[in-house]
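Everything below belongs to entry-v3.csv, which stores CSV, C-alpha atoms.
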```csv
chain,number,residue,atom,x,y,z
A,12,MET,CA,-45.0,-12.1,-78.1
A,13,ALA,CA,-44.8,-13.1,-74.4
A,14,PRO,CA,-48.6,-13.7,-74.2
A,15,LEU,CA,-48.4,-16.0,-77.2
A,16,LEU,CA,-45.5,-18.0,-75.7
A,17,ALA,CA,-47.4,-18.3,-72.4
A,18,THR,CA,-50.5,-19.5,-74.3
A,19,LEU,CA,-48.5,-22.1,-76.2
A,20,ALA,CA,-46.7,-23.3,-73.0
A,21,LEU,CA,-50.1,-23.7,-71.3
A,22,ILE,CA,-51.4,-25.8,-74.2
A,23,ALA,CA,-48.3,-28.0,-74.0
A,24,ALA,CA,-48.6,-28.4,-70.3
A,25,LEU,CA,-52.3,-29.3,-70.5
A,26,SER,CA,-51.6,-31.8,-73.3
A,27,LEU,CA,-48.9,-33.5,-71.3
A,28,ALA,CA,-51.0,-33.6,-68.2
A,29,ALA,CA,-53.8,-35.2,-70.1
A,30,GLY,CA,-51.4,-37.7,-71.7
A,31,VAL,CA,-52.2,-36.6,-75.3
A,32,ASN,CA,-50.0,-35.4,-78.2
A,33,ALA,CA,-50.6,-33.8,-81.5
A,34,ASP,CA,-49.8,-37.0,-83.3
A,35,ASP,CA,-52.7,-39.0,-81.7
A,36,GLU,CA,-55.1,-40.7,-84.0
A,37,CYS,CA,-58.4,-38.8,-83.9
A,38,ASP,CA,-61.8,-40.5,-83.8
A,39,GLU,CA,-64.3,-40.2,-86.6
A,40,SER,CA,-66.7,-38.5,-84.2
A,41,MET,CA,-64.2,-35.5,-84.1
A,42,THR,CA,-63.0,-35.4,-87.7
A,43,GLY,CA,-66.1,-36.6,-89.6
A,44,PHE,CA,-68.1,-34.0,-91.5
A,45,TYR,CA,-71.2,-33.9,-89.3
A,46,ASP,CA,-72.4,-31.9,-86.4
A,47,ASN,CA,-72.6,-32.9,-82.7
A,48,GLU,CA,-72.9,-31.2,-79.4
A,49,MET,CA,-69.2,-30.9,-78.8
A,50,LYS,CA,-68.7,-29.2,-82.2
A,51,SER,CA,-71.5,-26.8,-81.5
A,52,GLN,CA,-70.0,-25.9,-78.2
A,53,ALA,CA,-66.6,-25.3,-79.8
A,54,TRP,CA,-68.2,-23.0,-82.3
A,55,GLN,CA,-69.9,-21.0,-79.5
A,56,ASP,CA,-66.7,-20.8,-77.5
A,57,ILE,CA,-64.8,-19.5,-80.5
A,58,ALA,CA,-67.6,-17.1,-81.7
A,59,HIS,CA,-67.7,-15.6,-78.3
A,60,GLY,CA,-63.9,-15.3,-78.0
A,61,ASN,CA,-63.8,-17.7,-75.0
A,62,VAL,CA,-60.0,-18.3,-75.2
A,63,LYS,CA,-59.9,-20.1,-71.8
A,64,ALA,CA,-62.5,-22.7,-72.8
A,65,VAL,CA,-60.8,-23.3,-76.1
A,66,LEU,CA,-57.4,-23.8,-74.5
A,67,GLU,CA,-58.9,-26.1,-71.9
A,68,SER,CA,-60.6,-28.1,-74.7
A,69,ILE,CA,-57.3,-28.4,-76.6
A,70,GLY,CA,-55.5,-29.5,-73.5
A,71,GLY,CA,-58.1,-32.1,-72.8
A,72,ASP,CA,-58.1,-33.6,-76.3
A,73,SER,CA,-55.6,-32.7,-79.0
A,74,CYS,CA,-58.2,-33.8,-81.6
A,75,TYR,CA,-60.2,-30.8,-80.7
A,76,ALA,CA,-58.0,-28.8,-83.1
A,77,LYS,CA,-58.7,-31.2,-85.9
A,78,MET,CA,-62.5,-31.6,-85.6
A,79,ARG,CA,-64.8,-30.8,-88.5
A,80,ALA,CA,-68.5,-29.9,-88.7
A,81,ALA,CA,-71.0,-30.9,-91.3
A,82,ASP,CA,-69.9,-28.0,-93.6
A,83,GLY,CA,-66.3,-29.2,-93.4
A,84,ARG,CA,-65.3,-26.3,-91.2
A,85,GLY,CA,-63.8,-26.6,-87.7
A,86,PRO,CA,-62.2,-24.6,-85.0
A,87,LEU,CA,-59.4,-23.2,-87.2
A,88,PHE,CA,-62.0,-22.0,-89.7
A,89,TRP,CA,-64.1,-20.4,-87.0
A,90,SER,CA,-61.2,-18.7,-85.3
A,91,HIS,CA,-60.3,-17.1,-88.7
A,92,GLU,CA,-64.0,-16.2,-89.2
A,93,PHE,CA,-64.2,-14.4,-85.8
A,94,TYR,CA,-60.5,-13.4,-86.1
A,95,ASN,CA,-59.0,-14.4,-82.8
A,96,GLN,CA,-55.2,-14.7,-83.2
A,97,LYS,CA,-54.7,-16.3,-79.8
A,98,ILE,CA,-57.1,-19.2,-80.7
A,99,ILE,CA,-55.6,-19.5,-84.2
A,100,ASP,CA,-52.1,-19.8,-82.8
A,101,ALA,CA,-53.2,-22.4,-80.2
A,102,LEU,CA,-55.0,-24.5,-82.7
A,103,VAL,CA,-52.1,-24.5,-85.2
A,104,SER,CA,-49.8,-25.4,-82.3
A,105,ALA,CA,-52.1,-28.3,-81.4
A,106,GLY,CA,-52.1,-29.7,-85.0
A,107,ALA,CA,-54.9,-28.0,-86.8
A,108,ASP,CA,-54.4,-28.2,-90.6
A,109,ILE,CA,-53.9,-24.7,-92.1
A,110,LYS,CA,-54.5,-26.2,-95.6
A,111,ALA,CA,-57.7,-28.0,-94.7
A,112,LYS,CA,-60.7,-27.3,-97.1
A,113,ASP,CA,-64.3,-27.1,-96.2
A,114,LYS,CA,-67.1,-28.6,-98.5
A,115,GLY,CA,-67.0,-25.5,-100.6
A,116,GLY,CA,-63.2,-25.7,-101.1
A,117,LYS,CA,-62.3,-22.8,-98.8
A,118,THR,CA,-59.3,-22.9,-96.5
A,119,PRO,CA,-59.4,-21.3,-93.0
A,120,VAL,CA,-57.6,-18.1,-94.1
A,121,GLN,CA,-60.2,-17.6,-96.8
A,122,MET,CA,-63.1,-17.3,-94.3
A,123,PRO,CA,-64.9,-14.0,-94.4
A,124,ARG,CA,-64.7,-12.0,-91.2
A,125,ALA,CA,-67.8,-12.0,-89.1
A,126,PRO,CA,-68.7,-9.4,-86.5
A,127,PRO,CA,-67.8,-10.5,-82.9
A,128,MET,CA,-70.5,-12.3,-81.0
A,129,THR,CA,-71.0,-10.0,-78.0
A,130,PHE,CA,-74.6,-10.5,-77.2
A,131,GLU,CA,-75.3,-11.2,-73.6
A,132,ALA,CA,-78.8,-11.7,-72.3
A,133,PRO,CA,-80.0,-8.8,-70.1
A,134,PRO,CA,-80.3,-9.7,-66.4
A,135,GLU,CA,-83.6,-10.9,-65.2
A,136,GLU,CA,-85.7,-8.2,-63.7
A,137,GLU,CA,-88.9,-8.3,-61.8
A,138,ASP,CA,-91.9,-7.0,-63.6
A,139,ALA,CA,-90.8,-3.4,-64.0
A,140,THR,CA,-93.6,-2.5,-66.4
A,141,ASP,CA,-95.7,0.3,-65.0
A,142,TYR,CA,-99.3,0.0,-66.2
A,143,GLU,CA,-100.6,3.4,-65.0
A,144,PRO,CA,-103.5,4.7,-67.1
A,145,ASP,CA,-102.8,7.4,-69.6
A,146,ASP,CA,-103.7,11.0,-68.6
A,147,ASP,CA,-106.7,11.0,-71.0
A,148,GLU,CA,-108.1,7.8,-69.4
A,149,GLU,CA,-108.1,9.3,-65.8
A,150,ASP,CA,-110.4,12.1,-66.7
A,151,GLU,CA,-113.0,9.9,-68.4
A,152,GLU,CA,-115.5,7.7,-66.7
A,153,PRO,CA,-115.9,4.3,-68.2
A,154,SER,CA,-118.9,4.3,-70.6
A,155,SER,CA,-120.9,1.8,-68.6
A,156,ARG,CA,-120.5,4.0,-65.5
A,157,LYS,CA,-121.1,7.5,-67.1
A,158,ALA,CA,-124.0,9.3,-65.5
A,159,ASP,CA,-126.8,10.5,-67.6
A,160,HIS,CA,-126.9,14.3,-66.8
A,161,SER,CA,-129.5,15.2,-69.4
A,162,GLU,CA,-132.5,14.7,-67.1
A,163,MET,CA,-131.3,17.2,-64.4
```
Would you encode the structure as structure tokens?
Amino acid sequence: MAPLLATLALIAALSLAAGVNADDECDESMTGFYDNEMKSQAWQDIAHGNVKAVLESIGGDSCYAKMRAADGRGPLFWSHEFYNQKIIDALVSAGADIKAKDKGGKTPVQMPRAPPMTFEAPPEEEDATDYEPDDDEEDEEPSSRKADHSEM
């Protein structure tokens, strides 16, 4: 329970520092049912469990919790889909509507659970591919270089 209280206190502090509150009127760019770069980034942060980025976004703009994408879903839907209780609690605290419905009529709690997004690209390596010839190829001469031994 202590981590949850700390999270909620952080959200409140960030919101006060940014001069926003949960009752602020949200712009259509946030609440309209269409996609944009900010909404795509929010989905990625939530899908990858980036709690810090989500908390910072909520602190920077209380309307973050109320944004909706083209399918009518938003951060609260995604946090239920990828089941992250810290993010769910933070979004509800920031004013996300737990009774919101997407275009298909589903509420956030009705979202099916998705596997966590844990993919990370492997580190870049120098060309580590070893192109040594197979054992069979070492014993054979190339056909254009084979000697004709029949005349000896």
Please build the interface table for segment 82-104 of chain A against segment 42-59 of chain A with a cut-off of 9 Å, listing for each qualifying residue the nearest atom pair and the distance in Å to one decimal; count all atoms listed in the file, order rows by chain and increasing number, and write it as JSON lines.
```
{"residue": "A:Asp82", "atom": "CA", "partner": "A:Phe44", "partner_atom": "CA", "distance": 6.6}
{"residue": "A:Gly83", "atom": "CA", "partner": "A:Phe44", "partner_atom": "CA", "distance": 5.5}
{"residue": "A:Arg84", "atom": "CA", "partner": "A:Phe44", "partner_atom": "CA", "distance": 8.2}
{"residue": "A:Gly85", "atom": "CA", "partner": "A:Lys50", "partner_atom": "CA", "distance": 7.8}
{"residue": "A:Pro86", "atom": "CA", "partner": "A:Trp54", "partner_atom": "CA", "distance": 6.8}
{"residue": "A:Trp89", "atom": "CA", "partner": "A:Ile57", "partner_atom": "CA", "distance": 6.6}
{"residue": "A:Ser90", "atom": "CA", "partner": "A:Ile57", "partner_atom": "CA", "distance": 6.1}
{"residue": "A:Glu92", "atom": "CA", "partner": "A:Ala58", "partner_atom": "CA", "distance": 8.4}
{"residue": "A:Phe93", "atom": "CA", "partner": "A:Ala58", "partner_atom": "CA", "distance": 6.0}
{"residue": "A:Asn95", "atom": "CA", "partner": "A:Ile57", "partner_atom": "CA", "distance": 8.1}
{"residue": "A:Ile98", "atom": "CA", "partner": "A:Ile57", "partner_atom": "CA", "distance": 7.7}
```
State, in Å with one decimal place, the distance from atom CA of Gly70 of chain A to atom CA of Met122 of chain A.
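Atom CA of Met122 of chain A lies 25.3 Å from atom CA of Gly70 of chain A.
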Tell me, in Å to one decimal, how far atom CA of Ile99 of chain A is from atom CA of Met78 of chain A.
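Going from atom CA of Ile99 of chain A over to atom CA of Met78 of chain A, I get 14.0 Å.
The interatomic distance for the pair atom CA of Lys114 of chain A and atom CA of Phe88 of chain A works out to 12.1 Å.
Near segment 116-121 of chain A, within 7 Å and counting all atoms listed in the file, sit Leu87, Phe88, His91, Ile109 and Lys110 of chain A, not including residues fewer than 6 positions from it in the same chain.
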Selection above as a file: C-alpha atoms, as a short mmCIF file (atom, residue, chain, number, x, y, z; two decimals), in the frame of the given file:
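Once written, again21.cif looks like this:
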```cif
data_model
loop_
_atom_site.label_atom_id
_atom_site.label_comp_id
_atom_site.auth_asym_id
_atom_site.auth_seq_id
_atom_site.Cartn_x
_atom_site.Cartn_y
_atom_site.Cartn_z
CA LEU A 87 -59.40 -23.20 -87.20
CA PHE A 88 -62.00 -22.00 -89.70
CA HIS A 91 -60.30 -17.10 -88.70
CA ILE A 109 -53.90 -24.70 -92.10
CA LYS A 110 -54.50 -26.20 -95.60
#
```
With distances taken over only C-alpha atoms, which of A:Ala105, A:Cys74, A:Met41, A:Gln96 is nearest to Gly60 of chain A?
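Under the stated criterion, the closest residue is A:Gln96.
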Name the residues, using the chain letters and numbers of the file, that sit within 10 Å of (-52.3, -28.8, -86.4) when counting all atoms listed in the file, and give them as a compact mmCIF listing (two decimals) with C-alpha atoms, in the coordinates of the input.
```
# COMPACT_ATOMS: atom_id res chain seq x y z
CA ALA A 33 -50.60 -33.80 -81.50
CA ASP A 34 -49.80 -37.00 -83.30
CA SER A 73 -55.60 -32.70 -79.00
CA CYS A 74 -58.20 -33.80 -81.60
CA TYR A 75 -60.20 -30.80 -80.70
CA ALA A 76 -58.00 -28.80 -83.10
CA LYS A 77 -58.70 -31.20 -85.90
CA LEU A 87 -59.40 -23.20 -87.20
CA ASP A 100 -52.10 -19.80 -82.80
CA ALA A 101 -53.20 -22.40 -80.20
CA LEU A 102 -55.00 -24.50 -82.70
CA VAL A 103 -52.10 -24.50 -85.20
CA SER A 104 -49.80 -25.40 -82.30
CA ALA A 105 -52.10 -28.30 -81.40
CA GLY A 106 -52.10 -29.70 -85.00
CA ALA A 107 -54.90 -28.00 -86.80
CA ASP A 108 -54.40 -28.20 -90.60
CA ILE A 109 -53.90 -24.70 -92.10
CA LYS A 110 -54.50 -26.20 -95.60
CA ALA A 111 -57.70 -28.00 -94.70
```
Can you spit out segment 99-113 of chain A with all heavy atoms, as a PDB file, in the first residue's frame, from the structure just given?
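Written out: out_16.pdb:
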```
ATOM      1  N   ILE A  99      -2.798   1.837 -13.601  1.00  0.00           N
ATOM      2  CA  ILE A  99      -4.257   1.926 -13.454  1.00  0.00           C
ATOM      3  C   ILE A  99      -4.606   2.897 -12.328  1.00  0.00           C
ATOM      4  O   ILE A  99      -5.416   3.818 -12.506  1.00  0.00           O
ATOM      5  CB  ILE A  99      -4.879   0.537 -13.182  1.00  0.00           C
ATOM      6  CG1 ILE A  99      -4.758  -0.355 -14.421  1.00  0.00           C
ATOM      7  CG2 ILE A  99      -6.343   0.667 -12.746  1.00  0.00           C
ATOM      8  CD1 ILE A  99      -5.087  -1.820 -14.181  1.00  0.00           C
ATOM      9  N   ASP A 100      -3.990   2.708 -11.170  1.00  0.00           N
ATOM     10  CA  ASP A 100      -4.281   3.567 -10.012  1.00  0.00           C
ATOM     11  C   ASP A 100      -3.938   5.027 -10.301  1.00  0.00           C
ATOM     12  O   ASP A 100      -4.689   5.937  -9.942  1.00  0.00           O
ATOM     13  CB  ASP A 100      -3.519   3.074  -8.784  1.00  0.00           C
ATOM     14  CG  ASP A 100      -3.996   1.712  -8.302  1.00  0.00           C
ATOM     15  OD1 ASP A 100      -5.134   1.314  -8.645  1.00  0.00           O
ATOM     16  OD2 ASP A 100      -3.232   1.035  -7.582  1.00  0.00           O
ATOM     17  N   ALA A 101      -2.798   5.251 -10.948  1.00  0.00           N
ATOM     18  CA  ALA A 101      -2.380   6.622 -11.258  1.00  0.00           C
ATOM     19  C   ALA A 101      -3.353   7.285 -12.226  1.00  0.00           C
ATOM     20  O   ALA A 101      -3.718   8.461 -12.052  1.00  0.00           O
ATOM     21  CB  ALA A 101      -0.978   6.612 -11.846  1.00  0.00           C
ATOM     22  N   LEU A 102      -3.806   6.556 -13.226  1.00  0.00           N
ATOM     23  CA  LEU A 102      -4.738   7.118 -14.208  1.00  0.00           C
ATOM     24  C   LEU A 102      -6.089   7.439 -13.584  1.00  0.00           C
ATOM     25  O   LEU A 102      -6.668   8.498 -13.845  1.00  0.00           O
ATOM     26  CB  LEU A 102      -4.912   6.158 -15.389  1.00  0.00           C
ATOM     27  CG  LEU A 102      -3.683   5.994 -16.278  1.00  0.00           C
ATOM     28  CD1 LEU A 102      -3.848   4.799 -17.204  1.00  0.00           C
ATOM     29  CD2 LEU A 102      -3.427   7.270 -17.078  1.00  0.00           C
ATOM     30  N   VAL A 103      -6.594   6.545 -12.750  1.00  0.00           N
ATOM     31  CA  VAL A 103      -7.879   6.784 -12.073  1.00  0.00           C
ATOM     32  C   VAL A 103      -7.749   7.998 -11.161  1.00  0.00           C
ATOM     33  O   VAL A 103      -8.633   8.859 -11.123  1.00  0.00           O
ATOM     34  CB  VAL A 103      -8.349   5.524 -11.311  1.00  0.00           C
ATOM     35  CG1 VAL A 103      -9.549   5.823 -10.427  1.00  0.00           C
ATOM     36  CG2 VAL A 103      -8.689   4.412 -12.312  1.00  0.00           C
ATOM     37  N   SER A 104      -6.637   8.093 -10.467  1.00  0.00           N
ATOM     38  CA  SER A 104      -6.388   9.240  -9.592  1.00  0.00           C
ATOM     39  C   SER A 104      -6.361  10.549 -10.376  1.00  0.00           C
ATOM     40  O   SER A 104      -6.752  11.591  -9.878  1.00  0.00           O
ATOM     41  CB  SER A 104      -5.044   9.079  -8.917  1.00  0.00           C
ATOM     42  OG  SER A 104      -5.163   9.015  -7.554  1.00  0.00           O
ATOM     43  N   ALA A 105      -5.884  10.473 -11.618  1.00  0.00           N
ATOM     44  CA  ALA A 105      -5.758  11.664 -12.458  1.00  0.00           C
ATOM     45  C   ALA A 105      -7.044  11.981 -13.224  1.00  0.00           C
ATOM     46  O   ALA A 105      -7.076  12.915 -14.006  1.00  0.00           O
ATOM     47  CB  ALA A 105      -4.604  11.486 -13.432  1.00  0.00           C
ATOM     48  N   GLY A 106      -8.086  11.177 -13.011  1.00  0.00           N
ATOM     49  CA  GLY A 106      -9.376  11.497 -13.623  1.00  0.00           C
ATOM     50  C   GLY A 106      -9.813  10.625 -14.774  1.00  0.00           C
ATOM     51  O   GLY A 106     -10.802  10.939 -15.444  1.00  0.00           O
ATOM     52  N   ALA A 107      -9.121   9.521 -15.043  1.00  0.00           N
ATOM     53  CA  ALA A 107      -9.551   8.617 -16.111  1.00  0.00           C
ATOM     54  C   ALA A 107     -10.929   8.055 -15.768  1.00  0.00           C
ATOM     55  O   ALA A 107     -11.210   7.740 -14.608  1.00  0.00           O
ATOM     56  CB  ALA A 107      -8.543   7.485 -16.297  1.00  0.00           C
ATOM     57  N   ASP A 108     -11.767   7.926 -16.774  1.00  0.00           N
ATOM     58  CA  ASP A 108     -13.142   7.461 -16.587  1.00  0.00           C
ATOM     59  C   ASP A 108     -13.199   5.934 -16.612  1.00  0.00           C
ATOM     60  O   ASP A 108     -13.012   5.321 -17.661  1.00  0.00           O
ATOM     61  CB  ASP A 108     -14.027   8.042 -17.687  1.00  0.00           C
ATOM     62  CG  ASP A 108     -15.494   7.688 -17.549  1.00  0.00           C
ATOM     63  OD1 ASP A 108     -15.880   6.996 -16.583  1.00  0.00           O
ATOM     64  OD2 ASP A 108     -16.265   8.117 -18.429  1.00  0.00           O
ATOM     65  N   ILE A 109     -13.473   5.326 -15.456  1.00  0.00           N
ATOM     66  CA  ILE A 109     -13.516   3.860 -15.381  1.00  0.00           C
ATOM     67  C   ILE A 109     -14.732   3.277 -16.096  1.00  0.00           C
ATOM     68  O   ILE A 109     -14.764   2.087 -16.381  1.00  0.00           O
ATOM     69  CB  ILE A 109     -13.469   3.354 -13.918  1.00  0.00           C
ATOM     70  CG1 ILE A 109     -14.671   3.865 -13.131  1.00  0.00           C
ATOM     71  CG2 ILE A 109     -12.161   3.748 -13.254  1.00  0.00           C
ATOM     72  CD1 ILE A 109     -14.797   3.286 -11.742  1.00  0.00           C
ATOM     73  N   LYS A 110     -15.709   4.121 -16.437  1.00  0.00           N
ATOM     74  CA  LYS A 110     -16.911   3.661 -17.142  1.00  0.00           C
ATOM     75  C   LYS A 110     -16.876   4.003 -18.626  1.00  0.00           C
ATOM     76  O   LYS A 110     -17.843   3.761 -19.343  1.00  0.00           O
ATOM     77  CB  LYS A 110     -18.145   4.269 -16.501  1.00  0.00           C
ATOM     78  CG  LYS A 110     -18.364   3.799 -15.075  1.00  0.00           C
ATOM     79  CD  LYS A 110     -19.606   4.418 -14.482  1.00  0.00           C
ATOM     80  CE  LYS A 110     -19.774   3.967 -13.027  1.00  0.00           C
ATOM     81  NZ  LYS A 110     -20.924   4.587 -12.388  1.00  0.00           N
ATOM     82  N   ALA A 111     -15.752   4.541 -19.104  1.00  0.00           N
ATOM     83  CA  ALA A 111     -15.626   4.893 -20.524  1.00  0.00           C
ATOM     84  C   ALA A 111     -15.821   3.652 -21.377  1.00  0.00           C
ATOM     85  O   ALA A 111     -15.526   2.534 -20.948  1.00  0.00           O
ATOM     86  CB  ALA A 111     -14.249   5.496 -20.779  1.00  0.00           C
ATOM     87  N   LYS A 112     -16.336   3.853 -22.590  1.00  0.00           N
ATOM     88  CA  LYS A 112     -16.530   2.742 -23.529  1.00  0.00           C
ATOM     89  C   LYS A 112     -15.806   3.040 -24.818  1.00  0.00           C
ATOM     90  O   LYS A 112     -15.777   4.167 -25.291  1.00  0.00           O
ATOM     91  CB  LYS A 112     -18.016   2.527 -23.795  1.00  0.00           C
ATOM     92  CG  LYS A 112     -18.747   2.033 -22.567  1.00  0.00           C
ATOM     93  CD  LYS A 112     -20.159   1.628 -22.884  1.00  0.00           C
ATOM     94  CE  LYS A 112     -20.807   1.080 -21.606  1.00  0.00           C
ATOM     95  NZ  LYS A 112     -22.117   0.558 -21.833  1.00  0.00           N
ATOM     96  N   ASP A 113     -15.216   1.992 -25.378  1.00  0.00           N
ATOM     97  CA  ASP A 113     -14.548   2.142 -26.670  1.00  0.00           C
ATOM     98  C   ASP A 113     -15.591   2.033 -27.780  1.00  0.00           C
ATOM     99  O   ASP A 113     -16.795   1.902 -27.505  1.00  0.00           O
ATOM    100  CB  ASP A 113     -13.420   1.117 -26.831  1.00  0.00           C
ATOM    101  CG  ASP A 113     -13.883  -0.324 -26.926  1.00  0.00           C
ATOM    102  OD1 ASP A 113     -15.101  -0.602 -27.016  1.00  0.00           O
ATOM    103  OD2 ASP A 113     -13.013  -1.219 -26.909  1.00  0.00           O
TER     104      ASP A 113
END
```
